[in-house]
Amino acid sequence: MRLSPQQRHHNETKIRAAIDRILRGELPPGGKCDIKTLASESGIDRTAFYGNRPYAHLREEFESRLAAIREAGDTPDPRDAQISRLKTEITALEERLTSRDQTIEELTAFRNEALSRLAAQHEEILRLRHHSDRDSRVRRLPTRTTGAGPSS
């Protein structure tokens, strides 16, 4: 069915109004900033926007305006902005996680080294005590009882 010039003009007006709404970020629930949403918002069949169909020039206009908005650093689709923000946040969190993992590895290595040194010092103390027990010239000091002051 062929459209009259009045019908075509009316449809183009509806499509341009839908383009303006979508590019302002006024998206319907579940809609995106794309041709499918443009078609449903304007009430025009989506196939009319492709090839050499009557509204292909409006699809090109929509896509070029959308590209210009994105190049300017703006996003009409709030979900795209949210996705971008979340990707940045994920990258920052991954960096923090990597840094913390590295810190944990360093602290674990430090703890293992400290425990190893303490064990070696303990062994040395035990060896020296054993050696002093065999040497008759060394006298052991008397041990104090708990809570008692200096012995007289």
# chains A, B, ... in the order shown; residues from 1 in each chain; ligands from 1
$ residues_around --residues "stretch 4-7 of chain A" --least-positions-apart "6" --cutoff "12 Å" --atoms "only C-alpha atoms" --output "number ranges by chain"
A: 13-14, 44, 54
$ residues_around --residues "stretch 36-42 of chain A" --least-positions-apart "2" --cutoff "8 Å" --atoms "only C-alpha atoms" --output "NGL selection string"
:A and (11 or 14-15 or 17-19 or 22 or 31-34 or 44-46)
$ write_last_selection --atoms "N, CA and C atoms" --output "PDB file, in the first residue's frame"
ATOM      1  N   ASN A  11       4.149  10.516   9.301  1.00  0.00           N
ATOM      2  CA  ASN A  11       5.027   9.470   9.837  1.00  0.00           C
ATOM      3  C   ASN A  11       6.425  10.021  10.111  1.00  0.00           C
ATOM      4  N   LYS A  14       6.330  11.942  13.300  1.00  0.00           N
ATOM      5  CA  LYS A  14       6.313  11.032  14.454  1.00  0.00           C
ATOM      6  C   LYS A  14       7.705  10.448  14.700  1.00  0.00           C
ATOM      7  N   ILE A  15       8.377  10.077  13.611  1.00  0.00           N
ATOM      8  CA  ILE A  15       9.724   9.482  13.750  1.00  0.00           C
ATOM      9  C   ILE A  15      10.701  10.514  14.306  1.00  0.00           C
ATOM     10  N   ALA A  17      10.051  13.088  16.159  1.00  0.00           N
ATOM     11  CA  ALA A  17       9.714  13.312  17.570  1.00  0.00           C
ATOM     12  C   ALA A  17      10.259  12.178  18.433  1.00  0.00           C
ATOM     13  N   ALA A  18      10.129  10.940  17.937  1.00  0.00           N
ATOM     14  CA  ALA A  18      10.661   9.785  18.666  1.00  0.00           C
ATOM     15  C   ALA A  18      12.189   9.853  18.741  1.00  0.00           C
ATOM     16  N   ILE A  19      12.836  10.290  17.654  1.00  0.00           N
ATOM     17  CA  ILE A  19      14.303  10.444  17.655  1.00  0.00           C
ATOM     18  C   ILE A  19      14.709  11.435  18.739  1.00  0.00           C
ATOM     19  N   ILE A  22      14.250   9.894  22.259  1.00  0.00           N
ATOM     20  CA  ILE A  22      15.243   8.858  22.549  1.00  0.00           C
ATOM     21  C   ILE A  22      16.614   9.479  22.793  1.00  0.00           C
ATOM     22  N   GLY A  31      13.477  -0.399  26.670  1.00  0.00           N
ATOM     23  CA  GLY A  31      13.984   0.102  25.398  1.00  0.00           C
ATOM     24  C   GLY A  31      15.440   0.501  25.481  1.00  0.00           C
ATOM     25  N   LYS A  32      16.066   0.538  24.335  1.00  0.00           N
ATOM     26  CA  LYS A  32      17.461   0.960  24.240  1.00  0.00           C
ATOM     27  C   LYS A  32      17.527   2.123  23.265  1.00  0.00           C
ATOM     28  N   CYS A  33      18.703   2.658  23.104  1.00  0.00           N
ATOM     29  CA  CYS A  33      18.904   3.755  22.162  1.00  0.00           C
ATOM     30  C   CYS A  33      19.270   3.128  20.810  1.00  0.00           C
ATOM     31  N   ASP A  34      18.261   2.537  20.150  1.00  0.00           N
ATOM     32  CA  ASP A  34      18.509   1.842  18.891  1.00  0.00           C
ATOM     33  C   ASP A  34      17.306   1.954  17.953  1.00  0.00           C
ATOM     34  N   ILE A  44       6.138   2.770  13.610  1.00  0.00           N
ATOM     35  CA  ILE A  44       6.453   2.432  12.222  1.00  0.00           C
ATOM     36  C   ILE A  44       7.161   1.080  12.212  1.00  0.00           C
ATOM     37  N   ASP A  45       6.887   0.267  11.207  1.00  0.00           N
ATOM     38  CA  ASP A  45       7.536  -1.027  11.067  1.00  0.00           C
ATOM     39  C   ASP A  45       9.051  -0.829  10.921  1.00  0.00           C
ATOM     40  N   ARG A  46       9.809  -1.650  11.638  1.00  0.00           N
ATOM     41  CA  ARG A  46      11.267  -1.501  11.655  1.00  0.00           C
ATOM     42  C   ARG A  46      11.889  -1.670  10.286  1.00  0.00           C
TER      43      ARG A  46
END
$ closest_residue --among "A:Thr146, A:Leu23, A:Arg127, A:Arg2" --to "A:Ala67" --atoms "only C-alpha atoms"
A:Leu23
$ select_by_dssp --residues "chain A" --states "helix (DSSP H, G or I)" --output "ChimeraX atom specification"
/A:5-23,35-42,46-49,56-71,78-134
$ closest_residue --among "A:His122, A:Arg65, A:His57, A:Asp77" --to "A:Pro29" --atoms "only C-alpha atoms"
A:Asp77
$ closest_residue --among "A:Ser132, A:Gly25, A:Thr103, A:Thr98" --to "A:Asp74" --atoms "only C-alpha atoms"
A:Gly25
$ atom_distance --atom1 "atom CA of A:Thr88" --atom2 "atom CA of A:Glu63"
25.8 Å
